[in-house]
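Chemist: File query_29.pdb below, PDB, C-alpha atoms:
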ATOM      1  CA  MET Q1287      24.974 -15.835   3.284
ATOM      2  CA  ASN Q1288      22.662 -12.798   3.432
ATOM      3  CA  GLN Q1289      18.974 -13.373   2.789
ATOM      4  CA  TYR Q1290      18.019 -10.180   0.997
ATOM      5  CA  ILE Q1291      14.570  -8.794   0.387
ATOM      6  CA  GLY Q1292      14.803  -7.919  -3.295
ATOM      7  CA  ILE Q1293      12.966  -4.698  -4.138
ATOM      8  CA  ILE Q1294      12.572  -3.865  -7.809
ATOM      9  CA  GLY Q1295      12.004  -0.162  -8.438
ATOM     10  CA  THR Q1296      13.404   3.075  -7.055
ATOM     11  CA  GLY Q1297      10.381   5.301  -6.419
ATOM     12  CA  THR Q1298       8.638   6.505  -3.270
ATOM     13  CA  MET Q1299       6.911   3.179  -2.651
ATOM     14  CA  ALA Q1300      10.174   1.247  -3.029
ATOM     15  CA  ALA Q1301      11.891   3.423  -0.419
ATOM     16  CA  GLY Q1302       8.998   3.051   2.042
ATOM     17  CA  ILE Q1303       8.774  -0.708   1.531
ATOM     18  CA  ALA Q1304      12.529  -1.101   1.969
ATOM     19  CA  ALA Q1305      12.450   0.971   5.160
ATOM     20  CA  GLY Q1306       9.978  -1.438   6.745
ATOM     21  CA  PHE Q1307      12.381  -4.353   6.286
ATOM     22  CA  ILE Q1308      15.540  -2.407   7.173
ATOM     23  CA  SER Q1309      13.966  -1.164  10.412
ATOM     24  CA  HIS Q1310      13.562  -4.796  11.495
ATOM     25  CA  GLY Q1311      17.111  -5.826  10.689
ATOM     26  CA  MET Q1312      16.448  -7.430   7.299
ATOM     27  CA  PRO Q1313      18.921  -6.502   4.548
ATOM     28  CA  VAL Q1314      17.441  -5.318   1.270
ATOM     29  CA  ALA Q1315      18.688  -5.261  -2.289
ATOM     30  CA  ILE Q1316      17.215  -2.338  -4.228
ATOM     31  CA  LEU Q1317      17.322  -3.028  -7.949
ATOM     32  CA  GLY Q1318      16.668  -0.258 -10.459
ATOM     33  CA  ARG Q1319      17.342   0.857 -14.006
ATOM     34  CA  SER Q1320      20.572   2.606 -12.981
ATOM     35  CA  LYS Q1321      23.002   2.452 -10.078
ATOM     36  CA  GLU Q1322      22.408   6.137  -9.436
ATOM     37  CA  LYS Q1323      18.651   5.654  -8.968
ATOM     38  CA  SER Q1324      19.157   2.547  -6.814
ATOM     39  CA  ASP Q1325      21.691   4.355  -4.608
ATOM     40  CA  SER Q1326      19.351   7.314  -4.148
ATOM     41  CA  CYS Q1327      16.416   5.075  -3.242
ATOM     42  CA  LEU Q1328      18.484   3.129  -0.717
ATOM     43  CA  LYS Q1329      19.640   6.352   0.908
ATOM     44  CA  LYS Q1330      16.003   7.459   1.299
ATOM     45  CA  ALA Q1331      15.012   4.046   2.650
ATOM     46  CA  ILE Q1332      17.685   4.123   5.362
ATOM     47  CA  ALA Q1333      16.661   7.657   6.360
ATOM     48  CA  LEU Q1334      13.028   6.544   6.614
ATOM     49  CA  ALA Q1335      14.016   3.483   8.633
ATOM     50  CA  ILE Q1336      15.925   5.674  11.092
ATOM     51  CA  ASN Q1337      12.944   8.022  11.307
ATOM     52  CA  ILE Q1338      10.539   5.203  12.221
ATOM     53  CA  GLY Q1339      12.771   3.881  14.962
ATOM     54  CA  LEU Q1340      15.599   1.872  13.445
ATOM     55  CA  HIS Q1341      17.738   0.677  16.343
ATOM     56  CA  SER Q1342      17.306   3.932  18.262
ATOM     57  CA  GLU Q1343      19.836   2.830  20.894
ATOM     58  CA  LYS Q1344      22.468   1.793  18.367
ATOM     59  CA  THR Q1345      25.749   3.664  18.069
ATOM     60  CA  SER Q1346      26.909   5.366  14.891
ATOM     61  CA  GLN Q1347      29.223   2.403  14.346
ATOM     62  CA  ASP Q1348      26.245   0.023  14.524
ATOM     63  CA  LEU Q1349      24.308   2.172  12.076
ATOM     64  CA  ALA Q1350      27.276   2.104   9.704
ATOM     65  CA  SER Q1351      27.213  -1.709   9.761
ATOM     66  CA  ILE Q1352      23.464  -1.708   9.132
ATOM     67  CA  GLU Q1353      23.946   0.568   6.132
ATOM     68  CA  ALA Q1354      26.757  -1.666   4.887
ATOM     69  CA  ALA Q1355      24.406  -4.681   4.949
ATOM     70  CA  GLN Q1356      22.160  -3.109   2.311
ATOM     71  CA  VAL Q1357      22.727  -3.403  -1.439
ATOM     72  CA  SER Q1358      21.797  -1.270  -4.431
ATOM     73  CA  ALA Q1359      22.328  -2.494  -7.969
ATOM     74  CA  VAL Q1360      21.132  -2.416 -11.571
ATOM     75  CA  LEU Q1361      18.358  -4.955 -12.116
ATOM     76  CA  ASN Q1362      19.761  -6.689 -15.189
ATOM     77  CA  GLU Q1363      23.232  -6.857 -13.609
ATOM     78  CA  TRP Q1364      22.088  -8.507 -10.349
ATOM     79  CA  ASP Q1365      22.919 -12.212 -10.291
ATOM     80  CA  ASN Q1366      22.474 -13.053  -6.601
ATOM     81  CA  TRP Q1367      18.825 -14.120  -6.800
ATOM     82  CA  ALA Q1368      19.528 -17.244  -4.750
ATOM     83  CA  GLN Q1369      20.482 -14.943  -1.852
ATOM     84  CA  CYS Q1370      16.967 -13.437  -1.767
ATOM     85  CA  SER Q1371      14.210 -14.781   0.468
ATOM     86  CA  TYR Q1372      11.479 -12.654  -1.135
ATOM     87  CA  ILE Q1373      11.191 -10.278  -4.085
ATOM     88  CA  ILE Q1374       8.689  -7.479  -4.591
ATOM     89  CA  GLU Q1375       8.201  -5.389  -7.740
ATOM     90  CA  THR Q1376       7.292  -1.711  -7.222
ATOM     91  CA  VAL Q1377       7.686  -0.149 -10.687
ATOM     92  CA  SER Q1378       5.214   2.294 -12.265
ATOM     93  CA  GLU Q1379       1.678   1.178 -13.163
ATOM     94  CA  ASN Q1380       2.437  -0.064 -16.660
ATOM     95  CA  LEU Q1381       1.139  -3.561 -17.386
ATOM     96  CA  ALA Q1382       3.568  -4.283 -20.227
ATOM     97  CA  LEU Q1383       6.533  -3.234 -18.067
ATOM     98  CA  LYS Q1384       5.393  -5.383 -15.157
ATOM     99  CA  GLN Q1385       4.843  -8.363 -17.444
ATOM    100  CA  GLU Q1386       8.332  -7.894 -18.886
ATOM    101  CA  ILE Q1387       9.881  -7.824 -15.401
ATOM    102  CA  PHE Q1388       7.931 -10.864 -14.209
ATOM    103  CA  SER Q1389       8.910 -12.789 -17.331
ATOM    104  CA  TYR Q1390      12.539 -11.946 -16.562
ATOM    105  CA  LEU Q1391      12.137 -13.034 -12.922
ATOM    106  CA  ASP Q1392      10.404 -16.233 -14.020
ATOM    107  CA  GLU Q1393      13.656 -17.254 -15.715
ATOM    108  CA  LYS Q1394      16.205 -15.790 -13.310
ATOM    109  CA  VAL Q1395      14.829 -16.402  -9.792
ATOM    110  CA  PRO Q1396      15.006 -19.914  -8.275
ATOM    111  CA  GLU Q1397      11.527 -21.446  -8.014
ATOM    112  CA  GLY Q1398      11.407 -21.584  -4.213
ATOM    113  CA  ILE Q1399      11.559 -17.803  -3.830
ATOM    114  CA  PRO Q1400       8.175 -15.986  -3.722
ATOM    115  CA  ILE Q1401       7.627 -12.921  -5.918
ATOM    116  CA  GLY Q1402       5.091 -10.166  -5.224
ATOM    117  CA  SER Q1403       3.804  -7.163  -7.167
ATOM    118  CA  ASN Q1404       2.841  -3.910  -5.503
ATOM    119  CA  SER Q1405       0.481  -3.088  -8.377
ATOM    120  CA  SER Q1406      -2.604  -1.239  -7.171
ATOM    121  CA  GLY Q1407      -4.640  -1.886 -10.298
ATOM    122  CA  PHE Q1408      -3.406  -4.757 -12.440
ATOM    123  CA  PRO Q1409      -4.381  -8.300 -11.415
ATOM    124  CA  ILE Q1410      -1.482 -10.591 -10.648
ATOM    125  CA  SER Q1411      -3.179 -13.150 -12.914
ATOM    126  CA  LYS Q1412      -2.520 -10.809 -15.874
ATOM    127  CA  ILE Q1413       0.975  -9.860 -14.767
ATOM    128  CA  ALA Q1414       1.998 -13.517 -14.358
ATOM    129  CA  ALA Q1415      -0.071 -14.923 -17.248
ATOM    130  CA  GLY Q1416       1.626 -17.817 -19.008
ATOM    131  CA  LEU Q1417       4.666 -17.936 -16.710
ATOM    132  CA  LYS Q1418       5.844 -21.365 -15.622
ATOM    133  CA  THR Q1419       6.444 -20.380 -11.980
ATOM    134  CA  ALA Q1420       3.232 -18.355 -11.529
ATOM    135  CA  LYS Q1421       2.327 -20.442  -8.489
ATOM    136  CA  ARG Q1422       4.862 -18.453  -6.398
ATOM    137  CA  MET Q1423       3.690 -15.062  -7.732
ATOM    138  CA  MET Q1424       1.117 -12.907  -5.937
ATOM    139  CA  GLY Q1425      -0.096  -9.381  -5.400
ATOM    140  CA  ALA Q1426       1.561  -7.593  -2.466
ATOM    141  CA  HIS Q1427      -0.219  -4.254  -2.349
ATOM    142  CA  TYR Q1428       0.955  -1.556   0.076
ATOM    143  CA  PHE Q1429      -0.638   1.792   0.926
ATOM    144  CA  MET Q1430       1.188   5.118   1.110
ATOM    145  CA  PRO Q1431       3.193   5.955   3.091
ATOM    146  CA  ALA Q1432       4.406   2.357   2.975
ATOM    147  CA  GLN Q1433       6.731   2.730   5.958
ATOM    148  CA  VAL Q1434       3.814   3.817   8.193
ATOM    149  CA  VAL Q1435       0.560   2.221   6.998
ATOM    150  CA  PRO Q1436       0.515  -1.350   8.384
ATOM    151  CA  LEU Q1437      -1.692  -3.079   5.795
ATOM    152  CA  VAL Q1438      -0.328  -5.226   2.973
ATOM    153  CA  GLU Q1439      -2.845  -7.009   0.748
ATOM    154  CA  ILE Q1440      -1.596 -10.432  -0.355
ATOM    155  CA  VAL Q1441      -3.657 -11.304  -3.429
ATOM    156  CA  LEU Q1442      -3.956 -14.808  -4.841
ATOM    157  CA  GLY Q1443      -3.822 -15.057  -8.612
ATOM    158  CA  ALA Q1444      -5.364 -17.840 -10.636
ATOM    159  CA  LYS Q1445      -2.206 -19.958 -10.220
ATOM    160  CA  THR Q1446      -0.901 -18.760  -6.819
ATOM    161  CA  ASP Q1447      -0.175 -21.473  -4.266
ATOM    162  CA  PRO Q1448      -1.996 -20.448  -1.036
ATOM    163  CA  ALA Q1449       0.735 -22.076   1.067
ATOM    164  CA  ILE Q1450       3.390 -19.828  -0.492
ATOM    165  CA  ALA Q1451       1.150 -16.801   0.018
ATOM    166  CA  GLU Q1452       0.819 -17.722   3.699
ATOM    167  CA  GLN Q1453       4.622 -17.821   3.985
ATOM    168  CA  VAL Q1454       4.721 -14.244   2.690
ATOM    169  CA  CYS Q1455       1.966 -13.236   5.143
ATOM    170  CA  GLN Q1456       4.117 -14.588   7.969
ATOM    171  CA  LEU Q1457       7.119 -12.637   6.698
ATOM    172  CA  TYR Q1458       5.056  -9.457   6.959
ATOM    173  CA  ARG Q1459       3.824 -10.371  10.435
ATOM    174  CA  ASP Q1460       7.468 -10.755  11.451
ATOM    175  CA  ILE Q1461       8.092  -7.076  10.635
ATOM    176  CA  ASN Q1462       4.867  -5.912  12.339
ATOM    177  CA  LYS Q1463       2.913  -5.363   9.139
ATOM    178  CA  LYS Q1464      -0.732  -6.410   8.942
ATOM    179  CA  PRO Q1465      -1.205  -8.729   5.950
ATOM    180  CA  VAL Q1466      -4.677  -9.665   4.717
ATOM    181  CA  LEU Q1467      -5.228 -12.556   2.328
ATOM    182  CA  VAL Q1468      -7.410 -11.738  -0.673
ATOM    183  CA  LYS Q1469      -8.491 -15.120  -1.992
ATOM    184  CA  LYS Q1470      -9.667 -13.991  -5.421
ATOM    185  CA  ASP Q1471      -7.965 -11.630  -7.866
ATOM    186  CA  ILE Q1472     -10.763  -9.044  -8.186
ATOM    187  CA  PRO Q1473     -10.536  -5.338  -9.214
ATOM    188  CA  GLY Q1474      -9.531  -3.156  -6.287
ATOM    189  CA  PHE Q1475      -8.600  -6.184  -4.182
ATOM    190  CA  LEU Q1476     -10.063  -5.629  -0.679
ATOM    191  CA  ALA Q1477      -9.339  -2.236   0.885
ATOM    192  CA  ASN Q1478      -9.770  -0.181  -2.286
ATOM    193  CA  ARG Q1479     -13.136  -1.797  -3.027
ATOM    194  CA  ILE Q1480     -14.386  -0.733   0.397
ATOM    195  CA  GLN Q1481     -12.782   2.706   0.043
ATOM    196  CA  HIS Q1482     -14.325   3.298  -3.386
ATOM    197  CA  ALA Q1483     -17.760   2.246  -2.172
ATOM    198  CA  LEU Q1484     -17.496   4.978   0.465
ATOM    199  CA  MET Q1485     -16.136   7.525  -2.036
ATOM    200  CA  ARG Q1486     -18.944   6.815  -4.505
ATOM    201  CA  GLU Q1487     -21.529   7.650  -1.843
ATOM    202  CA  ALA Q1488     -19.573  10.675  -0.566
ATOM    203  CA  LEU Q1489     -19.164  12.162  -4.057
ATOM    204  CA  SER Q1490     -22.823  11.505  -4.836
ATOM    205  CA  LEU Q1491     -23.863  13.394  -1.688
ATOM    206  CA  VAL Q1492     -21.750  16.374  -2.810
ATOM    207  CA  GLU Q1493     -23.155  16.146  -6.343
ATOM    208  CA  GLU Q1494     -26.725  16.234  -5.023
ATOM    209  CA  GLY Q1495     -26.001  19.191  -2.750
ATOM    210  CA  ILE Q1496     -26.802  17.243   0.398
ATOM    211  CA  ALA Q1497     -23.505  17.962   2.168
ATOM    212  CA  SER Q1498     -20.242  19.840   1.651
ATOM    213  CA  PRO Q1499     -16.888  18.055   1.296
ATOM    214  CA  ALA Q1500     -15.844  19.483   4.683
ATOM    215  CA  ASP Q1501     -18.954  18.166   6.425
ATOM    216  CA  ILE Q1502     -18.480  14.734   4.839
ATOM    217  CA  ASP Q1503     -14.917  14.679   6.183
ATOM    218  CA  ASP Q1504     -16.205  15.514   9.672
ATOM    219  CA  ALA Q1505     -19.043  12.998   9.454
ATOM    220  CA  VAL Q1506     -16.602  10.185   8.662
ATOM    221  CA  ARG Q1507     -13.748  11.201  10.961
ATOM    222  CA  TYR Q1508     -15.846  11.874  14.045
ATOM    223  CA  SER Q1509     -18.335   8.993  13.838
ATOM    224  CA  PHE Q1510     -17.638   5.568  12.332
ATOM    225  CA  GLY Q1511     -14.127   6.538  11.201
ATOM    226  CA  PHE Q1512     -13.308   7.391  14.807
ATOM    227  CA  ARG Q1513     -14.487   3.949  15.911
ATOM    228  CA  TYR Q1514     -12.573   2.146  13.166
ATOM    229  CA  ALA Q1515      -9.243   3.063  14.754
ATOM    230  CA  ALA Q1516     -10.365   0.800  17.622
ATOM    231  CA  VAL Q1517     -12.076  -2.049  15.731
ATOM    232  CA  GLY Q1518     -13.078  -2.767  12.133
ATOM    233  CA  PRO Q1519     -16.641  -2.523  10.756
ATOM    234  CA  MET Q1520     -17.442  -6.207  11.143
ATOM    235  CA  THR Q1521     -16.371  -6.349  14.806
ATOM    236  CA  GLN Q1522     -18.064  -3.017  15.529
ATOM    237  CA  LYS Q1523     -21.381  -4.488  14.396
ATOM    238  CA  GLU Q1524     -20.719  -7.610  16.429
ATOM    239  CA  ILE Q1525     -20.487  -5.237  19.402
ATOM    240  CA  SER Q1526     -23.554  -3.134  18.596
ATOM    241  CA  GLY Q1527     -25.674  -5.933  17.157
ATOM    242  CA  TRP Q1528     -26.490  -6.961  13.593
ATOM    243  CA  ASP Q1529     -30.241  -6.565  14.139
ATOM    244  CA  GLY Q1530     -29.962  -2.787  14.430
ATOM    245  CA  MET Q1531     -27.787  -2.605  11.337
ATOM    246  CA  ALA Q1532     -30.182  -4.851   9.408
ATOM    247  CA  ASN Q1533     -33.224  -2.725  10.255
ATOM    248  CA  ALA Q1534     -31.434   0.470   9.169
ATOM    249  CA  ALA Q1535     -30.224  -1.211   5.963
ATOM    250  CA  LYS Q1536     -33.796  -1.862   4.817
ATOM    251  CA  GLU Q1537     -34.357   1.890   4.712
ATOM    252  CA  ILE Q1538     -30.912   3.009   3.559
ATOM    253  CA  TYR Q1539     -29.811   0.440   0.966
ATOM    254  CA  PRO Q1540     -32.433   1.341  -1.683
ATOM    255  CA  SER Q1541     -31.368   5.015  -1.595
ATOM    256  CA  LEU Q1542     -27.590   4.480  -1.830
ATOM    257  CA  SER Q1543     -25.777   5.605  -4.959
ATOM    258  CA  ASN Q1544     -25.180   2.946  -7.607
ATOM    259  CA  ILE Q1545     -23.539   5.184 -10.230
ATOM    260  CA  THR Q1546     -20.986   3.506 -12.493
ATOM    261  CA  THR Q1547     -19.271   6.672 -13.766
ATOM    262  CA  LEU Q1548     -17.754   9.668 -12.005
ATOM    263  CA  PRO Q1549     -20.152  12.432 -10.866
ATOM    264  CA  PRO Q1550     -20.269  15.479 -13.202
ATOM    265  CA  LYS Q1551     -18.923  17.874 -10.548
ATOM    266  CA  LEU Q1552     -15.758  15.809 -10.139
ATOM    267  CA  VAL Q1553     -15.309  15.464 -13.900
ATOM    268  CA  GLU Q1554     -15.655  19.236 -14.258
ATOM    269  CA  LEU Q1555     -13.049  19.851 -11.546
ATOM    270  CA  MET Q1556     -10.531  17.569 -13.214
ATOM    271  CA  ASN Q1557     -11.185  19.068 -16.648
ATOM    272  CA  GLU Q1558     -10.300  22.434 -15.094
ATOM    273  CA  GLY Q1559      -7.070  20.992 -13.709
ATOM    274  CA  LYS Q1560      -8.324  21.182 -10.122
ATOM    275  CA  THR Q1561      -6.917  17.851  -8.973
ATOM    276  CA  GLY Q1562      -6.271  18.700  -5.322
ATOM    277  CA  MET Q1563      -3.324  19.986  -3.320
ATOM    278  CA  LYS Q1564      -0.758  19.287  -6.035
ATOM    279  CA  ALA Q1565      -2.641  21.731  -8.287
ATOM    280  CA  GLY Q1566      -3.406  24.214  -5.505
ATOM    281  CA  GLU Q1567      -7.130  23.526  -5.793
ATOM    282  CA  GLY Q1568      -9.655  20.693  -5.733
ATOM    283  CA  PHE Q1569     -13.070  21.118  -4.161
ATOM    284  CA  ARG Q1570     -11.388  24.023  -2.332
ATOM    285  CA  LYS Q1571      -8.306  26.226  -2.839
ATOM    286  CA  TRP Q1572      -5.086  25.435  -0.990
ATOM    287  CA  THR Q1573      -2.365  27.936  -0.125
ATOM    288  CA  PRO Q1574       1.235  26.714   0.220
ATOM    289  CA  ASP Q1575       1.037  27.248   3.995
ATOM    290  CA  GLU Q1576      -2.188  25.246   4.248
ATOM    291  CA  ILE Q1577      -0.666  22.431   2.209
ATOM    292  CA  GLU Q1578       2.384  22.302   4.475
ATOM    293  CA  GLN Q1579       0.338  22.435   7.680
ATOM    294  CA  THR Q1580      -2.170  19.810   6.521
ATOM    295  CA  SER Q1581       0.541  17.462   5.278
ATOM    296  CA  ASP Q1582       2.453  17.788   8.541
ATOM    297  CA  SER Q1583      -0.706  17.190  10.582
ATOM    298  CA  TYR Q1584      -1.590  14.198   8.403
ATOM    299  CA  SER Q1585       1.810  12.585   9.042
ATOM    300  CA  LYS Q1586       1.595  13.141  12.804
ATOM    301  CA  ARG Q1587      -1.926  11.746  12.987
ATOM    302  CA  LEU Q1588      -0.961   8.685  10.963
ATOM    303  CA  LYS Q1589       1.815   7.941  13.447
ATOM    304  CA  ALA Q1590      -0.604   8.463  16.356
ATOM    305  CA  ALA Q1591      -3.110   6.129  14.695
ATOM    306  CA  PHE Q1592      -0.345   3.553  14.257
ATOM    307  CA  ASP Q1593       0.315   3.691  18.011
ATOM    308  CA  VAL Q1594      -3.403   3.224  18.711
ATOM    309  CA  LEU Q1595      -3.604   0.195  16.404
ATOM    310  CA  ASN Q1596      -0.675  -1.387  18.238
ATOM    311  CA  MET Q1597      -2.175  -0.984  21.711
ATOM    312  CA  LYS Q1598      -2.799  -4.278  23.512
TER     313      LYS Q1598
END
Please, can you express the file's structure as structure tokens?
Modeler:
Amino acid sequence: MNQYIGIIGTGTMAAGIAAGFISHGMPVAILGRSKEKSDSCLKKAIALAINIGLHSEKTSQDLASIEAAQVSAVLNEWDNWAQCSYIIETVSENLALKQEIFSYLDEKVPEGIPIGSNSSGFPISKIAAGLKTAKRMMGAHYFMPAQVVPLVEIVLGAKTDPAIAEQVCQLYRDINKKPVLVKKDIPGFLANRIQHALMREALSLVEEGIASPADIDDAVRYSFGFRYAAVGPMTQKEISGWDGMANAAKEIYPSLSNITTLPPKLVELMNEGKTGMKAGEGFRKWTPDEIEQTSDSYSKRLKAAFDVLNMK
């Protein structure tokens, strides 16, 4: 009997998440609103899996058997829940929709099977509120592109059983992902809280005319960001010494931004429709060629960073 990874949703994140499992020989079942959408998502997932190194020495016959092991279906027509070892929901960020899906899963999926949500904003405690099997439900937050970025945040809700969450962490370790356990269901979980703290300071520095966006990028990439590809911030300070950090903090902490709303310059940009590359302009204008070149460079550098992170 196949032990599928059930993936609910058919968007970009679903395809990337599925690719991570397929590339390590785990069959997936992609479940969407229509067979057409599920089929399309599965096709993208297999292509991504091949691109990231799926059985590079396999023959075309082997690849055909790998493709045959995967399943795509309509969510409300799928009745093989007992054949799943893990289920993850990846639908759009709509709380009511997620609650509806989790309520459905609460009734349909055998209790021993863990269920995760890839929500980036809604707490799993809200998504699973009032459900009788909430103890096996947790946040399972990926970062784009999901098939490349190693981190998965496993977030405990108010009712989540830590032992079940640890089982899911081990599943991710088995496919070379890097799970982190977030022990309290707080806004932004772990990585986004740290990222937004940095962005608040960066945007405040631009607002106050202290530095340009380009110089902030260089300051991060070529100083502490450069080091973080080797070790994280906590270990880096273990190396350099907490006393130096503590002395600097006495001077720096009082002057850091503590704004609770977006800076006016960013609000103005968004009001003008300048939302970044997708609009052709953000803090700077982007030509189609620049967008293509930057996106291509970004993908190559992410893959290079992945290789660095996996060095022994």
Chemist: On this file, the PyMOL selection byres ((chain Q and resi 1538-1552) around 8) gives some set of residues; write that set as a PyMOL selection string.
Modeler: chain Q and resi 1486-1487+1489-1490+1493+1534-1537+1553-1556
Chemist: Suppose a student applies the PyMOL selection byres ((chain Q and resi 1320) around 8) to this structure; what residues should they get, written as a VMD selection string?
Modeler: chain Q and resid 1318 to 1319 1321 to 1324 1359 to 1361
Chemist: Residue by residue, what does the PyMOL selection byres ((chain Q and resi 1375-1388) around 8) grab here? Present the result as a ChimeraX atom specification.
Modeler: /Q:1293-1297,1299-1300,1373-1374,1389-1392,1401-1408,1412-1414
Chemist: Hey, can you pull every residue with an atom no more than 9 Å from (0.8, -8.3, -1.8), using all atoms listed in the file, and send it as a list in words?
Modeler: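 Residues found, by chain and rising number: Ile1374, Gly1402, Ser1403, Asn1404, Ser1405, Met1424, Gly1425, Ala1426, His1427, Tyr1428, Val1438, Glu1439, Ile1440, Val1441, Leu1442, Ala1451, Val1454, Cys1455, Pro1465, Val1466, Leu1467 and Val1468 of chain Q.
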Chemist: So, counting all atoms listed in the file, which residue among Q:Ala1354, Q:Gly1443, Q:Leu1437, Q:Gly1398 is closest to Met1423 in chain Q?
Modeler: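 Smallest distance to Met1423 in chain Q is found for Q:Gly1443.
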Chemist: Complete range 1307-1320 of chain Q at the level of N, CA, C and O atoms, written as a PDB file, keeping the file's coordinate frame.
Modeler:
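Listing of selection39.pdb after writing:
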ATOM      1  N   PHE Q1307      11.520  -3.184   6.066  1.00  0.00           N
ATOM      2  CA  PHE Q1307      12.381  -4.353   6.286  1.00  0.00           C
ATOM      3  C   PHE Q1307      13.674  -3.960   6.996  1.00  0.00           C
ATOM      4  O   PHE Q1307      14.110  -4.626   7.939  1.00  0.00           O
ATOM      5  N   ILE Q1308      14.285  -2.857   6.559  1.00  0.00           N
ATOM      6  CA  ILE Q1308      15.540  -2.407   7.173  1.00  0.00           C
ATOM      7  C   ILE Q1308      15.343  -2.133   8.660  1.00  0.00           C
ATOM      8  O   ILE Q1308      16.192  -2.487   9.488  1.00  0.00           O
ATOM      9  N   SER Q1309      14.208  -1.527   9.012  1.00  0.00           N
ATOM     10  CA  SER Q1309      13.966  -1.164  10.412  1.00  0.00           C
ATOM     11  C   SER Q1309      13.826  -2.385  11.312  1.00  0.00           C
ATOM     12  O   SER Q1309      13.899  -2.272  12.534  1.00  0.00           O
ATOM     13  N   HIS Q1310      13.635  -3.562  10.713  1.00  0.00           N
ATOM     14  CA  HIS Q1310      13.562  -4.796  11.495  1.00  0.00           C
ATOM     15  C   HIS Q1310      14.764  -5.711  11.247  1.00  0.00           C
ATOM     16  O   HIS Q1310      14.709  -6.918  11.465  1.00  0.00           O
ATOM     17  N   GLY Q1311      15.853  -5.098  10.795  1.00  0.00           N
ATOM     18  CA  GLY Q1311      17.111  -5.826  10.689  1.00  0.00           C
ATOM     19  C   GLY Q1311      17.241  -6.744   9.499  1.00  0.00           C
ATOM     20  O   GLY Q1311      18.127  -7.605   9.473  1.00  0.00           O
ATOM     21  N   MET Q1312      16.362  -6.588   8.491  1.00  0.00           N
ATOM     22  CA  MET Q1312      16.448  -7.430   7.299  1.00  0.00           C
ATOM     23  C   MET Q1312      17.151  -6.672   6.180  1.00  0.00           C
ATOM     24  O   MET Q1312      16.702  -5.585   5.796  1.00  0.00           O
ATOM     25  N   PRO Q1313      18.227  -7.200   5.633  1.00  0.00           N
ATOM     26  CA  PRO Q1313      18.921  -6.502   4.548  1.00  0.00           C
ATOM     27  C   PRO Q1313      18.102  -6.512   3.268  1.00  0.00           C
ATOM     28  O   PRO Q1313      17.400  -7.483   2.968  1.00  0.00           O
ATOM     29  N   VAL Q1314      18.167  -5.426   2.529  1.00  0.00           N
ATOM     30  CA  VAL Q1314      17.441  -5.318   1.270  1.00  0.00           C
ATOM     31  C   VAL Q1314      18.424  -5.142   0.118  1.00  0.00           C
ATOM     32  O   VAL Q1314      19.555  -4.679   0.301  1.00  0.00           O
ATOM     33  N   ALA Q1315      17.953  -5.522  -1.054  1.00  0.00           N
ATOM     34  CA  ALA Q1315      18.688  -5.261  -2.289  1.00  0.00           C
ATOM     35  C   ALA Q1315      17.742  -4.465  -3.183  1.00  0.00           C
ATOM     36  O   ALA Q1315      16.722  -4.985  -3.631  1.00  0.00           O
ATOM     37  N   ILE Q1316      18.049  -3.189  -3.389  1.00  0.00           N
ATOM     38  CA  ILE Q1316      17.215  -2.338  -4.228  1.00  0.00           C
ATOM     39  C   ILE Q1316      17.767  -2.375  -5.649  1.00  0.00           C
ATOM     40  O   ILE Q1316      18.935  -2.044  -5.884  1.00  0.00           O
ATOM     41  N   LEU Q1317      16.907  -2.781  -6.579  1.00  0.00           N
ATOM     42  CA  LEU Q1317      17.322  -3.028  -7.949  1.00  0.00           C
ATOM     43  C   LEU Q1317      16.566  -2.107  -8.890  1.00  0.00           C
ATOM     44  O   LEU Q1317      15.343  -2.161  -8.991  1.00  0.00           O
ATOM     45  N   GLY Q1318      17.297  -1.234  -9.579  1.00  0.00           N
ATOM     46  CA  GLY Q1318      16.668  -0.258 -10.459  1.00  0.00           C
ATOM     47  C   GLY Q1318      17.267  -0.252 -11.849  1.00  0.00           C
ATOM     48  O   GLY Q1318      18.082  -1.107 -12.205  1.00  0.00           O
ATOM     49  N   ARG Q1319      16.856   0.743 -12.633  1.00  0.00           N
ATOM     50  CA  ARG Q1319      17.342   0.857 -14.006  1.00  0.00           C
ATOM     51  C   ARG Q1319      18.768   1.375 -14.073  1.00  0.00           C
ATOM     52  O   ARG Q1319      19.468   1.174 -15.065  1.00  0.00           O
ATOM     53  N   SER Q1320      19.206   2.087 -13.021  1.00  0.00           N
ATOM     54  CA  SER Q1320      20.572   2.606 -12.981  1.00  0.00           C
ATOM     55  C   SER Q1320      21.078   2.543 -11.552  1.00  0.00           C
ATOM     56  O   SER Q1320      20.296   2.552 -10.595  1.00  0.00           O
TER      57      SER Q1320
END
